[in-house]
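File shown: data_6.cif (mmCIF, C-alpha atoms).
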```
data_run
#
loop_
_atom_site.label_atom_id
_atom_site.label_comp_id
_atom_site.auth_asym_id
_atom_site.auth_seq_id
_atom_site.Cartn_x
_atom_site.Cartn_y
_atom_site.Cartn_z
CA MET A 1292 187.11 181.24 103.04
CA LYS A 1293 186.51 181.55 106.68
CA PHE A 1294 183.01 182.58 105.86
CA SER A 1295 182.41 179.54 103.69
CA LEU A 1296 183.93 177.30 106.38
CA VAL A 1297 181.65 178.83 109.02
CA ALA A 1298 178.69 178.59 106.63
CA ALA A 1299 179.53 174.95 105.89
CA LEU A 1300 179.85 174.27 109.62
CA VAL A 1301 176.49 175.95 110.26
CA VAL A 1302 174.92 173.90 107.45
CA VAL A 1303 176.43 170.67 108.85
CA LEU A 1304 175.22 171.57 112.35
CA ALA A 1305 171.78 172.47 110.99
CA ILE A 1306 171.60 169.17 109.11
CA ALA A 1307 172.82 167.28 112.15
CA HIS A 1308 170.35 169.10 114.35
CA GLY A 1309 167.56 168.51 111.85
CA SER A 1310 168.27 164.80 111.60
CA GLU A 1311 168.52 164.58 115.41
CA ALA A 1312 165.28 166.52 115.74
CA GLY A 1313 163.68 164.17 113.25
CA THR A 1314 164.86 161.23 115.35
CA LEU A 1315 163.40 162.86 118.47
CA VAL A 1316 160.16 163.52 116.64
CA LYS A 1317 160.10 159.89 115.50
CA ARG A 1318 160.71 158.73 119.07
CA ASP A 1319 158.00 161.06 120.45
CA VAL A 1320 155.57 159.91 117.77
CA GLN A 1321 156.26 156.27 118.59
CA ALA A 1322 155.77 156.95 122.30
CA GLU A 1323 152.50 158.77 121.58
CA VAL A 1324 151.35 155.96 119.30
CA ASP A 1325 152.17 153.42 122.05
CA ARG A 1326 150.35 155.52 124.67
CA ILE A 1327 147.29 155.98 122.44
CA THR A 1328 147.33 152.26 121.59
CA GLY A 1329 147.41 151.45 125.32
CA LEU A 1330 144.51 153.83 125.98
CA ILE A 1331 142.49 152.30 123.14
CA LYS A 1332 143.18 148.79 124.51
CA ASP A 1333 142.12 149.88 128.00
CA MET A 1334 138.97 151.50 126.64
CA SER A 1335 138.21 148.38 124.61
CA ALA A 1336 138.68 146.12 127.65
CA SER A 1337 136.51 148.43 129.78
CA LEU A 1338 133.82 148.56 127.10
CA THR A 1339 133.87 144.77 126.76
CA ALA A 1340 133.56 144.26 130.53
CA THR A 1341 130.75 146.81 130.77
CA THR A 1342 128.90 145.20 127.87
CA GLN A 1343 129.28 141.76 129.44
CA ASP A 1344 127.94 143.05 132.77
CA LEU A 1345 125.04 144.67 130.98
CA VAL A 1346 124.24 141.43 129.12
CA GLU A 1347 124.31 139.47 132.41
CA LYS A 1348 122.00 141.99 134.05
CA VAL A 1349 119.58 141.83 131.12
CA LYS A 1350 119.61 138.01 131.33
CA ALA A 1351 118.93 138.18 135.07
CA LEU A 1352 116.10 140.62 134.46
CA GLU A 1353 114.64 138.28 131.82
CA VAL A 1354 114.80 135.37 134.29
CA THR A 1355 113.11 137.51 136.94
CA ASN A 1356 110.43 138.63 134.52
CA THR A 1357 109.86 135.03 133.39
CA ALA A 1358 109.56 133.85 137.00
CA GLN A 1359 107.15 136.71 137.76
CA THR A 1360 105.07 135.73 134.73
CA TYR A 1361 104.92 132.10 135.91
CA VAL A 1362 103.88 133.20 139.38
CA GLU A 1363 101.16 135.45 138.02
CA GLU A 1364 99.90 132.69 135.70
CA GLY A 1365 99.87 130.23 138.59
CA ARG A 1366 98.01 132.71 140.77
CA ALA A 1367 95.47 133.28 137.99
CA GLN A 1368 94.91 129.52 137.70
CA ILE A 1369 94.70 128.90 141.45
CA GLN A 1370 92.54 131.92 142.37
CA PRO A 1371 89.27 130.43 141.04
CA LEU A 1372 90.00 127.19 142.90
CA VAL A 1373 90.67 129.11 146.13
CA GLU A 1374 87.43 131.05 145.71
CA LYS A 1375 85.54 127.82 145.07
CA VAL A 1376 87.02 126.14 148.17
CA GLN A 1377 86.22 129.24 150.25
CA ALA A 1378 82.62 129.20 149.03
CA GLU A 1379 82.32 125.48 149.86
CA ALA A 1380 83.82 126.07 153.30
CA ASN A 1381 81.30 128.85 153.95
CA LYS A 1382 78.46 126.55 152.87
CA LEU A 1383 79.74 123.77 155.11
CA GLN A 1384 80.03 126.14 158.05
CA ALA A 1385 76.49 127.36 157.48
CA GLN A 1386 75.25 123.75 157.35
CA LEU A 1387 77.16 122.76 160.51
CA GLU A 1388 76.07 125.72 162.65
CA PRO A 1389 72.69 124.18 163.64
CA TYR A 1390 74.37 120.88 164.52
CA MET A 1391 77.04 122.63 166.57
CA ALA A 1392 74.39 124.67 168.39
CA ASN A 1393 72.43 121.46 169.06
CA ILE A 1394 75.54 119.66 170.35
CA GLU A 1395 76.36 122.64 172.54
CA GLU A 1396 72.84 122.62 174.00
CA GLN A 1397 73.08 118.90 174.73
CA MET A 1398 76.55 119.20 176.26
CA LYS A 1399 75.70 122.16 178.49
CA PRO A 1400 73.79 120.12 181.11
CA LEU A 1401 76.59 117.54 181.14
CA THR A 1402 79.31 120.15 181.62
CA ASP A 1403 77.23 121.97 184.23
CA GLY A 1404 76.72 118.69 186.12
CA PHE A 1405 80.44 117.88 185.84
CA ASN A 1406 81.36 121.35 187.12
CA ALA A 1407 78.86 120.99 189.99
CA GLN A 1408 80.46 117.69 191.04
CA VAL A 1409 84.08 118.78 190.58
CA ARG A 1410 83.80 122.25 192.14
CA PRO A 1411 83.46 120.97 195.77
CA LEU A 1412 86.41 118.62 195.23
CA THR A 1413 88.66 121.38 193.89
CA ASP A 1414 87.59 123.72 196.68
CA ASN A 1415 88.34 120.99 199.28
CA ILE A 1416 91.79 120.29 197.77
CA GLN A 1417 92.55 124.00 197.66
CA GLU A 1418 91.58 124.35 201.35
CA GLN A 1419 93.82 121.42 202.31
CA VAL A 1420 96.78 122.64 200.25
CA LYS A 1421 96.60 126.28 201.42
CA PRO A 1422 98.29 125.67 204.83
CA LEU A 1423 101.05 123.72 203.06
CA THR A 1424 101.67 126.51 200.55
CA ASP A 1425 101.70 129.08 203.36
CA MET A 1426 104.25 126.99 205.28
CA VAL A 1427 106.50 126.60 202.19
CA GLU A 1428 106.25 130.34 201.56
CA GLN A 1429 107.30 131.11 205.16
CA PHE A 1430 110.18 128.62 204.92
CA LEU A 1431 111.45 130.22 201.69
CA GLN A 1432 111.16 133.67 203.28
CA GLN A 1433 113.29 132.50 206.25
CA VAL A 1434 115.89 130.97 203.92
CA MET A 1435 116.08 134.23 201.99
CA GLU A 1436 116.48 136.28 205.18
CA GLN A 1437 119.21 133.95 206.46
CA THR A 1438 121.01 134.10 203.12
CA LYS A 1439 120.91 137.89 203.21
CA ALA A 1440 122.28 137.85 206.73
CA LEU A 1441 125.25 135.69 205.62
CA MET A 1442 126.13 137.98 202.71
CA PRO A 1443 128.72 140.68 203.38
CA PRO A 1444 127.41 144.25 203.44
CA GLN A 1445 127.69 146.06 200.13
#
```
Rendering of file as structure tokens:
Amino acid sequence: MKFSLVAALVVVLAIAHGSEAGTLVKRDVQAEVDRITGLIKDMSASLTATTQDLVEKVKALEVTNTAQTYVEEGRAQIQPLVEKVQAEANKLQAQLEPYMANIEEQMKPLTDGFNAQVRPLTDNIQEQVKPLTDMVEQFLQQVMEQTKALMPPQ
């Protein structure tokens, strides 16, 4: 009878332990399910954010490519006009060169005569101003020497 009582007690303890272990397993499974669910949510949020960033970058790249296309089309349309204007400017310059040379030849005697008349005047003024500039230079030199004399030695 003692044996059957001990056996019954062992069976009851085994059943109790088994049901408790089952409860622990259920709790561990629920915790794992919650953890895995959290990881899946985090991965989903990260994937969504990455996809959204990628879509924005692709849109920006499309805008850049579209702008580049417009610029290239504009350049292609303007280039012939620029070449035409450059050719016309070259023609105009070639046509004006003889006139400019003629004007320069006609102006040379006038400028030479002007220089011949003005040169003595400028030389005369320079001769009259030279003593004044020398005097101002000497005065400034004296002021600088006196200022140095007033400064304490360093």
Rounded to one decimal, what separation in Å do you get between CA of Tyr1361 in chain A and CA of Lys1375 in chain A?
21.9 Å
d(CA of Leu1441 in chain A, CA of Met1426 in chain A) in Å:
22.7 Å
Could you state the separation of CA of Gln1433 in chain A and CA of Gln1417 in chain A in Å, given to one decimal place?
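Answer for the CA of Gln1433 in chain A to CA of Gln1417 in chain A separation: 24.0 Å.
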Box in all listed atoms of range 1403-1412 of chain A, axis-aligned, with 5 Å more on each side; write out centre and edge lengths in Å to one decimal as JSON.
```
{"center_x": 81.6, "center_y": 120.0, "center_z": 190.0, "size_x": 19.7, "size_y": 14.6, "size_z": 21.5}
```
